[in-house]
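Undergrad: Right, I'll just put the structure down here and ask away after.
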Number of protein chains: 8
Amino acid sequence: MNRKYLRNLLEDVRNGTADVDEALEKLKDLGSKEFEFATVDTHRELRTGYPEVIFGQGKTPEQIAGIIRFMLTGESNILATRVTKDVYDKIREVCQEAVYNPVARTVTVMKKEQERPSTHIALVTAGTSDLPVAEEAAVTAEIFGNRVERVVDVGVAGIHRLYDKLAVIRQARVCIVVAGMEGALPSVVGGLVDKPVIAVPTSIGYGANFGGLSALLGMLTSCASGTCVVNIDNGFGAGFLASMINKL
Amino acid sequence: MNRKYLRNLLEDVRNGTADVDEALEKLKDLGSKEFEFATVDTHRELRTGYPEVIFGQGKTPEQIAGIIRFMLTGESNILATRVTKDVYDKIREVCQEAVYNPVARTVTVMKKEQERPSTHIALVTAGTSDLPVAEEAAVTAEIFGNRVERVVDVGVAGIHRLYDKLAVIRQARVCIVVAGMEGALPSVVGGLVDKPVIAVPTSIGYGANFGGLSALLGMLTSCASGTCVVNIDNGFGAGFLASMINKL
Amino acid sequence: MNRKYLRNLLEDVRNGTADVDEALEKLKDLGSKEFEFATVDTHRELRTGYPEVIFGQGKTPEQIAGIIRFMLTGESNILATRVTKDVYDKIREVCQEAVYNPVARTVTVMKKEQERPSTHIALVTAGTSDLPVAEEAAVTAEIFGNRVERVVDVGVAGIHRLYDKLAVIRQARVCIVVAGMEGALPSVVGGLVDKPVIAVPTSIGYGANFGGLSALLGMLTSCASGTCVVNIDNGFGAGFLASMINKL
Amino acid sequence: MNRKYLRNLLEDVRNGTADVDEALEKLKDLGSKEFEFATVDTHRELRTGYPEVIFGQGKTPEQIAGIIRFMLTGESNILATRVTKDVYDKIREVCQEAVYNPVARTVTVMKKEQERPSTHIALVTAGTSDLPVAEEAAVTAEIFGNRVERVVDVGVAGIHRLYDKLAVIRQARVCIVVAGMEGALPSVVGGLVDKPVIAVPTSIGYGANFGGLSALLGMLTSCASGTCVVNIDNGFGAGFLASMINKL
Amino acid sequence: MNRKYLRNLLEDVRNGTADVDEALEKLKDLGSKEFEFATVDTHRELRTGYPEVIFGQGKTPEQIAGIIRFMLTGESNILATRVTKDVYDKIREVCQEAVYNPVARTVTVMKKEQERPSTHIALVTAGTSDLPVAEEAAVTAEIFGNRVERVVDVGVAGIHRLYDKLAVIRQARVCIVVAGMEGALPSVVGGLVDKPVIAVPTSIGYGANFGGLSALLGMLTSCASGTCVVNIDNGFGAGFLASMINKL
Amino acid sequence: MNRKYLRNLLEDVRNGTADVDEALEKLKDLGSKEFEFATVDTHRELRTGYPEVIFGQGKTPEQIAGIIRFMLTGESNILATRVTKDVYDKIREVCQEAVYNPVARTVTVMKKEQERPSTHIALVTAGTSDLPVAEEAAVTAEIFGNRVERVVDVGVAGIHRLYDKLAVIRQARVCIVVAGMEGALPSVVGGLVDKPVIAVPTSIGYGANFGGLSALLGMLTSCASGTCVVNIDNGFGAGFLASMINKL
Amino acid sequence: MNRKYLRNLLEDVRNGTADVDEALEKLKDLGSKEFEFATVDTHRELRTGYPEVIFGQGKTPEQIAGIIRFMLTGESNILATRVTKDVYDKIREVCQEAVYNPVARTVTVMKKEQERPSTHIALVTAGTSDLPVAEEAAVTAEIFGNRVERVVDVGVAGIHRLYDKLAVIRQARVCIVVAGMEGALPSVVGGLVDKPVIAVPTSIGYGANFGGLSALLGMLTSCASGTCVVNIDNGFGAGFLASMINKL
Amino acid sequence: MNRKYLRNLLEDVRNGTADVDEALEKLKDLGSKEFEFATVDTHRELRTGYPEVIFGQGKTPEQIAGIIRFMLTGESNILATRVTKDVYDKIREVCQEAVYNPVARTVTVMKKEQERPSTHIALVTAGTSDLPVAEEAAVTAEIFGNRVERVVDVGVAGIHRLYDKLAVIRQARVCIVVAGMEGALPSVVGGLVDKPVIAVPTSIGYGANFGGLSALLGMLTSCASGTCVVNIDNGFGAGFLASMINKL
């Protein structure tokens with residue numbers, strides 16, 4: 001339930017176009033909706049401006065489909081991350097219009113157009129193997145109504161590739177930089193732009209990479225100012241935060 | 001050198017109020033100024049909107065004073081972080097108006113008023129021991145012209161203290177949340193506001209805290225959306241990024 | 001062998017209703033029962049008030065079924081944790097009344113009713129993915145005769161969900177709080193109740209979670225008093241300790 | 001403010017022996033008391049049954065003395081942990097009756113007798129070097145009104161020393177076991193008693209001890225049931241939890 | 001080639017019962033035998049008293065079978081560790097009398113009787129799940145001619161089981177103690193015997209066990225004297241060293 | 001595009017044998033070639049003397065085959081590392097002459113003979129299980145035109161095997177030493193030769209090896225001078241650097 | 001109290017040369033002697049063949065002197081490790097004949113000659129900086145009656161120095177090898193001798209040494225058989241175990 | 001003793017200008033020189049082309065001065081690293097011409113001119129605080145006869161500073177790149193040059209830097225080819241290896 005829906009409901013009550021019992025029924029799940037296995041936070045959009053997003057990992061297909069069936073009774077766009085094709089097949093049983101992105105491993109259901117800010121988000125990726133994480137960020141930012149400009153495979157080992165694309169990066173209101181291995185790209189980008197840089201370490205690499213730890217530590221200790229970091233492989237978190245900043 | 005200074009200089013050249021040689025001389029250090037021990041990035045303000053900041057740790061008092069003496073020839077406000085009282089005494093020899101903040105361990109020199117955005121930054125601190133890091137963030141944000149509203153000692157073990165202050169936090173354009181030990185406060189704040197939250201882990205704690213690692217990991221794996229993280233004890237980085245977002 | 005059984009046996013000997021040889025035979029396995037691959041601690045219930053529990057991980061189905069066949073000759077309820085469906089099928093061959101809980105991955109055999117304390121244990125879970133660990137705790141506490149009240153999916157990112165359930169938590173004699181990712185929930189609960197809180201970190205999460213390490217460290221360094229921690233994913237340990245405290 | 005104080009106040013209001021304005025003034029700090037550097041949780045005793053305790057590490061002597069001066073206006077006993085002799089000297093300026101325990105590094109102010117449960121807490125220590133942590137636990141438990149029985153230096157390398165003292169341990173309602181190095185003692189004790197065991201790892205040791213990590217991991221992975229763990233060197237946390245359990 | 005074989009050969013040369021060319025041919029591989037993928041250390045038995053042992057992990061079945069075919073031309077008993085059933089099937093093609101131990105995952109070929117010391121090795125195991133590692137130690141010690149007395153499943157959570165078997169442990173010339181989880185058993189055994197104790201941590205456990213790290217650190221920091229440690233799961237190393245000590 | 005190709009092109013332009021538009025077209029991809037999923041660094045050979053190499057891990061077979069199809073339009077030899085047999089089958093569809101090395105897991109396409117330096121590279125391997133990493137180094141060095149002399153399975157536990165081969169090692173211009181487990185071999189080799197030693201830790205081992213960490217740390221802290229280290233299992237990096245040094 | 005002392009006492013009782021009360025008094029502290037801060041294990045020599053040793057770290061000078069004053073009433077030689085000069089000065093007040101070794105940081109009091117085995121212990125040190133740890137091992141072995149042959153500074157970077165001393169190492173009954181940095185020396189020695197090798201990692205080194213972790217991991221994962229490891233810097237443990245093996 | 005010295009000596013013997021006894025005496029210490037606390041590797045220069053260097057950390061001033069007094073009898077230049085001013089004062093007592101570099105913390109004694117290669121080494125430093133490590137590398141390379149070109153403070157946060165100096169870096173035969181914090185500079189340099197790059201991580205930084213671990217891991221996982229890594233803060237190792245490569 002978002003602010004606009006509640007305003008309309010309350011005005012209907014004041015105007016007498018809705019009676020109190022009816023309105024009460026509609027407000028029943030204002031705070032949260034309880035399932036046996038979940039307590040969906042229906043109050044979140046009112047509180048934070050964004051509806052709850054389903055983190056698919058560790059949930060059964062049945063649980064995810066059940067949550068989506070409930071969310072379909074609302075008005076918000078729906079996003080589920082970290083879902084496999086199997087989960088998608090289960091979701092299709094309750095929602096034909098659900099869309100699966102196999103690279104990002106996301107399911108989305110568009111229920112309304114979001115207002116689109118005029119500015120865009122730059123999404124910069126160090127290597128081809130980082131694409132799944134970057135695409136999760138892109139899908140997230142896009143379902144919340146943002147335009148995303150992708151700059152692919154411009155890691156620091158061939159840094160002229162970054163310079164070729166600097167204009168599109170500098171014109172963005174906020175940048176997401178996705179990198180695995182040593183994770184040096186956000187440091188370089190952070191030194192070249194005057195906008196916030198959200199660094200996303202990925203688990204891409206091997207050996208002393210230790211599942212993304214190297215990239216994570218590198219980004220945290222970056223000597224470039226204006227940079228912050230999200231969890232390893234957390235494309236969703238980066239896309240969400242970038243959307244929040246882009247809409248300020 | 002910032003954009004405005006350069007625009008003035010170039011207009012003076014076009015108008016004939018400055019001659020070319022003179023302008024060239026002024027532009028000599030446009031890219032960087034070389035010392036024996038440092039290459040000061042004089043181009044940074046033009047490129048990123050912010051002048052270079054001096055990270056004091058690991059530099060001798062003489063080196064820091066030398067860099068400041070050079071920066072005094074420019075027009076930007078000066079900020080040095082991680083400096084002891086000894087360093088400040090050395091700086092005073094080259095700059096009487098330098099100000100020392102013993103809690104934040106910063107030296108600042110105000111050379112011009114910054115334009116102040118109408119919105120403010122909320123700076124939330126979990127415990128009293130986190131104050132030095134929080135104060136570093138505050139000094140940083142303030143020298144770049146931001147208003148900072150402090151909310152002190154509202155850690156999750158007595159969470160009603162946070163609720164008492166929620167209005168001032170929710171009205172901010174961006175929040176900084178500073179916490180040591182288990183670092184849970186940013187997760188809670190992130191679930192209550194619709195603005196970006198910059199989480200700052202501190203090294204406060206003992207035992208399984210491992211120098212701030214616990215707080216850092218907790219913040220990175222936070223299940224609250226819209227949150228990002230900077231390095232342990234990196235008050236400067238948080239203040240800088242918050243300023244950048246507040247001025248978007 | 002529990003205290004009551006031994007008392008009866010000794011009284012039978014004193015009264016002459018049991019002869020000494022017969023009693024000796026019954027006492028043969030008083031300390032332990034030796035198998036080729038195990039030395040079952042038959043003395044435990046006498047010593048600690050609780051019978052030995054079978055930790056299934058790393059044991060073959062044959063070994064587990066063998067131990068259960070022996071324990072069936074006793075009077076205690078039987079609990080095996082960390083067992084797969086395959087193991088259960090093997091157990092069924094020696095014990096038809098064994099019950100399998102596929103979420104908790106436990107096998108239980110009820111041989112007698114436990115005395116039930118009037119107070120209950122509150123079992124609070126941060127997210128849906130934490131349910132298997134929580135359910136292992138519940139099954140453990142229940143087979144030892146406790147009433148368990150479940151509060152599901154009330155993680156700190158939507159903290160009003162916790163407040164909605166605070167009464168049932170506060171009325172408990174002891175709380176178990178299960179959480180993955182940043183593991184912040186026990187800190188918040190610990191600050192709201194005046195009863196012992198047993199925190200259970202889970203391995204749910206990804207990236208900087210490092211298999212539950214983040215949640216573990218967060219819980220250990222929690223600034224809430226009255227909280228203690230068990231091993232990652234150790235639902236059994238939490239349920240056992242909660243039972244012990246609930247029965248004090 | 002504890003429950004009894006509030007009940008008296010409210011009864012006085014109802015009876016007319018206190019007038020409303022006066023009561024309001026007394027209730028002003030019911031939730032918390034704000035300082036420039038701290039927000040003291042005055043509501044805690046009402047909520048959790050225990051007053052707030054001052055964690056001294058990272059606070060200045062002036063800050064600690066200031067908090068104590070305020071707390072002296074209340075009725076609760078006062079406990080400050082992790083304080084040096086210097087801090088104590090500062091505290092003496094505002095409170096002559098404060099007592100310093102140099103082994104535990106605590107300051108206590110007794111303002112009222114606590115009700116004493118008839119049962120006791122067993123405090124078992126593996127080695128002489130673990131005494132400061134054990135003493136912090138003892139002081140904590142004692143100021144909250146508990147009787148503590150100490151068993152000193154009975155580490156597993158000479159396990160007969162433990163057996164000599166088993167009676168006093170078994171008669172306790174709850175046990176605290178403090179150990180550094182490999183931290184094996186709680187596992188052994190946990191296998192011998194039918195009461196909750198709170199394990200406290202200490203940073204005592206060297207080399208592969210890594211500041212208490214070995215003892216911590218050993219206690220977390222202990223195969224003895226009924227055991228839980230607090231942070232490394234966290235004597236306070238163990239004493240507090242033991243008191244909570246002892247008073248159930 | 002062992003010392004006795006060489007002595008015989010040299011005596012044959014001196015006596016004229018072997019001619020020089022023939023002896024030279026026999027000595028060709030005295031130092032090592034080269035394969036495309038391996039350089040077998042044929043000199044080891046002469047140098048260290050023990051023939052080379054094949055560490056199977058990371059080698060292909062063909063490589064292992066090839067090395068064994070060569071070793072069959074010698075006189076030493078053959079031991080291959082960390083081998084699967086597949087490898088064994090391959091080995092059977094070159095050596096019918098090879099024996100597979102599925103618990104220890106070893107292949108052995110007995111070529112001669114070893115001299116057997118009169119003393120025995122005690123092999124103590126904390127839990128049933130530790131048996132594969134313990135069995136690797138037993139097979140290793142036995143193929144080198146030692147008598148091994150097994151004491152199974154006597155972990156510290158039920159320490160009376162250890163006391164029941166103390167005689168057989170104390171009579172040994174050297175003890176191997178195998179334990180996972182918190183790895184406390186060697187500390188206890190080390191405090192009870194006057195013989196060397198070889199501690200073997202296993203990777204058995206979960207959560208904060210971190211693949212055997214907890215047990216390893218616990219054993220290294222043990223406060224019992226006379227104890228040493230080998231690598232996690234290194235049953236072979238323990239059996240080998242115990243054999244060396246038993247034969248001194 | 002290498003230096004020679006560009007020189008020819010520019011001379012053709014100067015001589016009028018190529019017209020400017022034609023040359024421009026040829027220079028279109030001088031900096032990089034963009035794909036949807038990759039930005040191939042076509043400028044690398046000009047800049048660093050070596051063409052870009054395809055790191056196969058994390059790329060789909062289609063992506064790898066697509067990049068190779070483009071690179072076939074150039075003149076450089078092609079190397080793809082970390083590729084499975086499946087990838088090779090896909091590559092064969094676009095390039096029949098591609099060669100697969102199943103031990104090294106590499107695909108190579110020879111397009112021209114490289115100039116061969118007269119000196120050779122010594123490639124020393126500690127154990128049989130380290131061969132895949134060593135072979136990746138060998139294939140890399142060879143495709144860039146170097147002669148590689150292999151010394152196999154000469155780990156420090158039988159150090160005479162190393163001495164037997166010392167001549168071929170000492171005559172090399174640069175040594176690569178590949179070792180897992182404790183990784184001691186580079187220290188020993190480094191103390192015996194007067195040439196650079198490139199140490200390659202492998203993930204071979206178990207237990208406290210922690211995926212190659214032990215070997216890595218051992219090599220980094222080696223007390224032998226003239227030694228440097230590459231990432232765990234990074235045969236490619238070692239072969240590449242050795243080639244660079246061999247060609248100086 | 002050792003076995004011989006007790007035998008004499010019991011024989012005196014049987015012969016009537018000692019009366020029962022007198023003997024009882026002497027046996028009063030047979031199990032342990034309790035202090036306020038320690039429970040000295042007086043039974044250890046009877047049980048393990050060795051008297052208790054005082055680990056000085058974390059004990060106050062008063063505590064150490066107190067324990068020694070009590071031990072002087074016995075007949076065993078006294079050893080205190082990890083003691084500073086300050087502690088020694090305190091000890092001198094209760095025992096003039098105490099000897100301080102400033103390199104090993106030990107205090108010893110010789111009360112009787114130990115029987116000396118004919119065989120010796122080889123003590124091999126990789127570098128000069130490892131001497132304090134090595135010397136602690138030497139003092140320990142010597143006070144228990146062993147002859148120790150020192151071989152100093154023969155690290156693997158100049159391995160011919162080791163070969164020069166191989167005879168004295170090979171003639172020993174057991175070897176101690178002390179090394180910091182990469183800790184490779186025990187692997188090399190272990191491959192050259194047919195006797196047990198006790199590896200002692202030291203904290204000597206810097207950077208990726210991480211306080212001795214590199215050397216520790218290297219020694220644990222050593223591919224040389226017959227090697228075991230003690231804690232970082234644990235010279236005492238190595239000397240004690242070597243003595244135990246030397247006396248078998 | 002270097003190759004030239006030995007050649008002269010042997011020729012003198014052949015020519016009769018030196019008699020055999022005299023030559024024998026001179027060769028007495030050919031392999032090593034034994035001290036009580038050290039075994040100096042006098043054979044190293046003959047074997048590896050470089051004399052032994054004294055690693056000062058962990059040695060007493062007396063030990064260092066003693067080794068230098070002996071080395072002064074030879075002909076090689078002398079280098080001691082990690083020495084404090086106190087050590088230097090001690091050295092001055094045995095060698096007046098010793099030179100102390102307080103930034104690099106080295107002592108050098110020039111005994112002969114080294115042959116100087118025509119090519120130079122580029123020494124690139126990311127920040128001012130990295131200078132001590134860089135200077136240790138410079139001193140090392142210079143005493144072995146190399147020309148070192150320093151490029152200071154060109155970290156990736158202001159990457160144009162690097163481009164300004166690219167020529168001097170590209171003309172070098174080998175590059176050393178020293179960086180702390182995230183350690184990204186070697187990746188960028190490695191992508192821009194066609195020469196070997198030796199990366200030196202430093203311990204400069206704080207928080208998630210963990211004593212240089214971040215920079216180390218970043219450099220090891222760098223995606224730039226032609227790069228290798230030495231230990232954290234190991235300026236000596238980098239300078240030594242660069243010298244070795246520069247002289248090939």
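Going through the structure tokens in order, the chains are called A, B, and so on, while each chain numbers its residues from 1 and the ligands are numbered from 1 in the order shown.
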Please, which residues of chain A lie no more than 6 Å from chain H when the count uses only C-alpha atoms, and can they be set out as number ranges by chain?

TA: A: 156-158, 181-182, 184, 188, 191, 214, 217-218, 221-222, 224

Undergrad: For C-alpha atoms, I'd like the residues from the last selection saved as an mmCIF file, in the first residue's frame.

TA:
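The resulting file, again-v6.cif, is reproduced below:
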data_model
loop_
_atom_site.group_PDB
_atom_site.id
_atom_site.type_symbol
_atom_site.label_atom_id
_atom_site.label_comp_id
_atom_site.auth_asym_id
_atom_site.auth_seq_id
_atom_site.Cartn_x
_atom_site.Cartn_y
_atom_site.Cartn_z
ATOM 1 C CA VAL A 156 41.544 -1.434 -15.428
ATOM 2 C CA ALA A 157 43.893 -3.731 -17.350
ATOM 3 C CA GLY A 158 42.856 -1.853 -20.529
ATOM 4 C CA MET A 181 39.063 -10.123 -9.016
ATOM 5 C CA GLU A 182 41.010 -7.187 -7.518
ATOM 6 C CA ALA A 184 40.081 -1.787 -8.768
ATOM 7 C CA VAL A 188 39.518 4.646 -10.843
ATOM 8 C CA GLY A 191 38.590 9.537 -9.066
ATOM 9 C CA SER A 214 39.637 -9.473 -2.425
ATOM 10 C CA LEU A 217 38.359 -5.389 0.692
ATOM 11 C CA GLY A 218 39.818 -3.460 -2.209
ATOM 12 C CA THR A 221 39.859 0.542 1.331
ATOM 13 C CA SER A 222 39.668 2.503 -1.898
ATOM 14 C CA ALA A 224 38.840 7.442 -3.988
#

Undergrad: Taking only segment 4-231 of chain H into account, list the residues labelled alpha helix (DSSP H) by DSSP (computed from the backbone), as a PyMOL selection string.

TA: chain H and resi 4-15+20-27+44-48+61-71+85-94+131-143+160-164+166-170+185-190+213-220

Undergrad: Skip segment 48-50 of chain G itself and residues of its chain fewer than 2 positions away, then list as an MDAnalysis selection string all residues within 9 Å of it, counting only C-alpha atoms.

TA: (chainID E and resid 190:195) or (chainID G and resid 2:3 43:46 52:53 76 144)

Undergrad: List the spatial neighbours of segment 82-95 of chain E as a PDB file with N, CA and C atoms, in the first residue's frame - criterion: any atom at most 9 Å away, only C-alpha atoms, same-chain residues fewer than 4 positions off excluded.

TA:
ATOM      1  N   ILE E  54      51.936 -43.441  -1.582  1.00  0.00           N
ATOM      2  CA  ILE E  54      51.255 -42.726  -2.660  1.00  0.00           C
ATOM      3  C   ILE E  54      50.080 -41.939  -2.097  1.00  0.00           C
ATOM      4  N   PHE E  55      50.130 -40.613  -2.258  1.00  0.00           N
ATOM      5  CA  PHE E  55      49.015 -39.746  -1.872  1.00  0.00           C
ATOM      6  C   PHE E  55      48.087 -39.639  -3.083  1.00  0.00           C
ATOM      7  N   GLY E  56      46.936 -40.295  -3.014  1.00  0.00           N
ATOM      8  CA  GLY E  56      46.137 -40.492  -4.219  1.00  0.00           C
ATOM      9  C   GLY E  56      45.390 -39.269  -4.721  1.00  0.00           C
ATOM     10  N   GLN E  57      45.050 -38.367  -3.816  1.00  0.00           N
ATOM     11  CA  GLN E  57      44.232 -37.209  -4.196  1.00  0.00           C
ATOM     12  C   GLN E  57      44.916 -36.371  -5.283  1.00  0.00           C
ATOM     13  N   THR E  60      45.438 -39.205 -11.308  1.00  0.00           N
ATOM     14  CA  THR E  60      44.481 -40.012 -12.067  1.00  0.00           C
ATOM     15  C   THR E  60      44.666 -41.490 -11.719  1.00  0.00           C
ATOM     16  N   PRO E  61      43.630 -42.306 -11.910  1.00  0.00           N
ATOM     17  CA  PRO E  61      43.774 -43.749 -11.676  1.00  0.00           C
ATOM     18  C   PRO E  61      44.938 -44.332 -12.477  1.00  0.00           C
ATOM     19  N   GLU E  62      45.123 -43.867 -13.690  1.00  0.00           N
ATOM     20  CA  GLU E  62      46.212 -44.387 -14.521  1.00  0.00           C
ATOM     21  C   GLU E  62      47.564 -44.077 -13.883  1.00  0.00           C
ATOM     22  N   ILE E  64      48.239 -43.544 -10.711  1.00  0.00           N
ATOM     23  CA  ILE E  64      48.432 -44.344  -9.500  1.00  0.00           C
ATOM     24  C   ILE E  64      48.765 -45.798  -9.842  1.00  0.00           C
ATOM     25  N   ALA E  65      48.025 -46.346 -10.790  1.00  0.00           N
ATOM     26  CA  ALA E  65      48.294 -47.732 -11.188  1.00  0.00           C
ATOM     27  C   ALA E  65      49.707 -47.858 -11.758  1.00  0.00           C
ATOM     28  N   GLY E  66      50.125 -46.862 -12.493  1.00  0.00           N
ATOM     29  CA  GLY E  66      51.468 -46.889 -13.081  1.00  0.00           C
ATOM     30  C   GLY E  66      52.544 -46.892 -12.009  1.00  0.00           C
ATOM     31  N   ILE E  68      52.225 -47.923  -8.943  1.00  0.00           N
ATOM     32  CA  ILE E  68      52.176 -49.199  -8.221  1.00  0.00           C
ATOM     33  C   ILE E  68      52.822 -50.305  -9.039  1.00  0.00           C
ATOM     34  N   ARG E  69      52.579 -50.313 -10.353  1.00  0.00           N
ATOM     35  CA  ARG E  69      53.211 -51.344 -11.184  1.00  0.00           C
ATOM     36  C   ARG E  69      54.722 -51.301 -11.011  1.00  0.00           C
ATOM     37  N   LEU E  72      55.837 -52.560  -7.513  1.00  0.00           N
ATOM     38  CA  LEU E  72      55.734 -54.018  -7.371  1.00  0.00           C
ATOM     39  C   LEU E  72      57.041 -54.700  -7.706  1.00  0.00           C
ATOM     40  N   VAL E  99      44.460 -54.745  -1.587  1.00  0.00           N
ATOM     41  CA  VAL E  99      43.303 -54.771  -0.684  1.00  0.00           C
ATOM     42  C   VAL E  99      42.761 -53.353  -0.505  1.00  0.00           C
ATOM     43  N   TYR E 100      41.451 -53.215  -0.593  1.00  0.00           N
ATOM     44  CA  TYR E 100      40.828 -51.906  -0.445  1.00  0.00           C
ATOM     45  C   TYR E 100      40.105 -51.814   0.893  1.00  0.00           C
ATOM     46  N   PRO E 102      37.379 -49.557   2.507  1.00  0.00           N
ATOM     47  CA  PRO E 102      36.474 -48.485   2.089  1.00  0.00           C
ATOM     48  C   PRO E 102      36.268 -47.405   3.142  1.00  0.00           C
ATOM     49  N   ALA E 104      38.721 -46.347   5.361  1.00  0.00           N
ATOM     50  CA  ALA E 104      39.955 -45.560   5.363  1.00  0.00           C
ATOM     51  C   ALA E 104      40.284 -45.007   3.988  1.00  0.00           C
ATOM     52  N   ARG E 105      39.642 -45.506   2.977  1.00  0.00           N
ATOM     53  CA  ARG E 105      39.934 -45.161   1.571  1.00  0.00           C
ATOM     54  C   ARG E 105      41.414 -45.379   1.238  1.00  0.00           C
ATOM     55  N   THR E 106      41.902 -46.581   1.591  1.00  0.00           N
ATOM     56  CA  THR E 106      43.298 -46.928   1.312  1.00  0.00           C
ATOM     57  C   THR E 106      43.378 -48.187   0.452  1.00  0.00           C
ATOM     58  N   VAL E 107      44.464 -48.283  -0.305  1.00  0.00           N
ATOM     59  CA  VAL E 107      44.815 -49.548  -0.957  1.00  0.00           C
ATOM     60  C   VAL E 107      46.153 -49.990  -0.400  1.00  0.00           C
ATOM     61  N   VAL E 109      49.214 -53.234  -0.400  1.00  0.00           N
ATOM     62  CA  VAL E 109      49.746 -54.483  -0.954  1.00  0.00           C
ATOM     63  C   VAL E 109      50.832 -54.965   0.004  1.00  0.00           C
ATOM     64  N   GLU E 136      42.320 -44.500   8.607  1.00  0.00           N
ATOM     65  CA  GLU E 136      43.499 -44.227   7.774  1.00  0.00           C
ATOM     66  C   GLU E 136      44.762 -44.309   8.617  1.00  0.00           C
TER      67      GLU E 136
END

Undergrad: Do a neighbour search on Ser118 of chain G at 12 Å with only C-alpha atoms, toss out local chain neighbours closer than 2 positions, and write the hits as a compact mmCIF listing (two decimals) with N, CA and C atoms, in the first residue's frame.

TA:
# COMPACT_ATOMS: atom_id res chain seq x y z
N GLU G 115 68.00 -38.44 35.55
CA GLU G 115 68.76 -39.46 34.80
C GLU G 115 68.85 -39.02 33.35
N ARG G 116 70.02 -39.18 32.75
CA ARG G 116 70.24 -38.68 31.39
C ARG G 116 70.23 -39.84 30.40
N HIS G 120 70.69 -38.17 22.15
CA HIS G 120 70.51 -36.72 22.25
C HIS G 120 69.36 -36.23 21.37
N ILE G 121 68.99 -34.98 21.61
CA ILE G 121 67.97 -34.30 20.82
C ILE G 121 68.67 -33.29 19.92
N GLY G 145 66.76 -33.43 31.79
CA GLY G 145 67.86 -34.38 31.77
C GLY G 145 68.37 -34.78 30.40
N ASN G 146 68.01 -34.09 29.35
CA ASN G 146 68.43 -34.48 28.00
C ASN G 146 69.64 -33.68 27.55
N ARG G 147 70.41 -34.29 26.67
CA ARG G 147 71.49 -33.59 25.99
C ARG G 147 70.92 -33.03 24.69
N VAL G 148 71.21 -31.75 24.44
CA VAL G 148 70.67 -31.08 23.27
C VAL G 148 71.81 -30.61 22.39
N GLN G 171 72.00 -38.41 13.81
CA GLN G 171 72.32 -39.28 14.95
C GLN G 171 71.38 -39.06 16.14
N ALA G 172 70.60 -38.02 16.08
CA ALA G 172 69.70 -37.75 17.20
C ALA G 172 68.56 -38.76 17.23
N ARG G 173 67.93 -38.88 18.41
CA ARG G 173 66.78 -39.78 18.53
C ARG G 173 65.50 -39.07 18.12
N ASN G 246 62.57 -38.91 23.72
CA ASN G 246 63.97 -39.31 23.94
C ASN G 246 64.11 -40.31 25.08
N LYS G 247 63.16 -40.26 26.02
CA LYS G 247 63.24 -41.14 27.18
C LYS G 247 62.43 -42.42 27.03
N LEU G 248 61.76 -42.61 25.92
CA LEU G 248 60.93 -43.82 25.72
C LEU G 248 61.79 -45.07 25.82
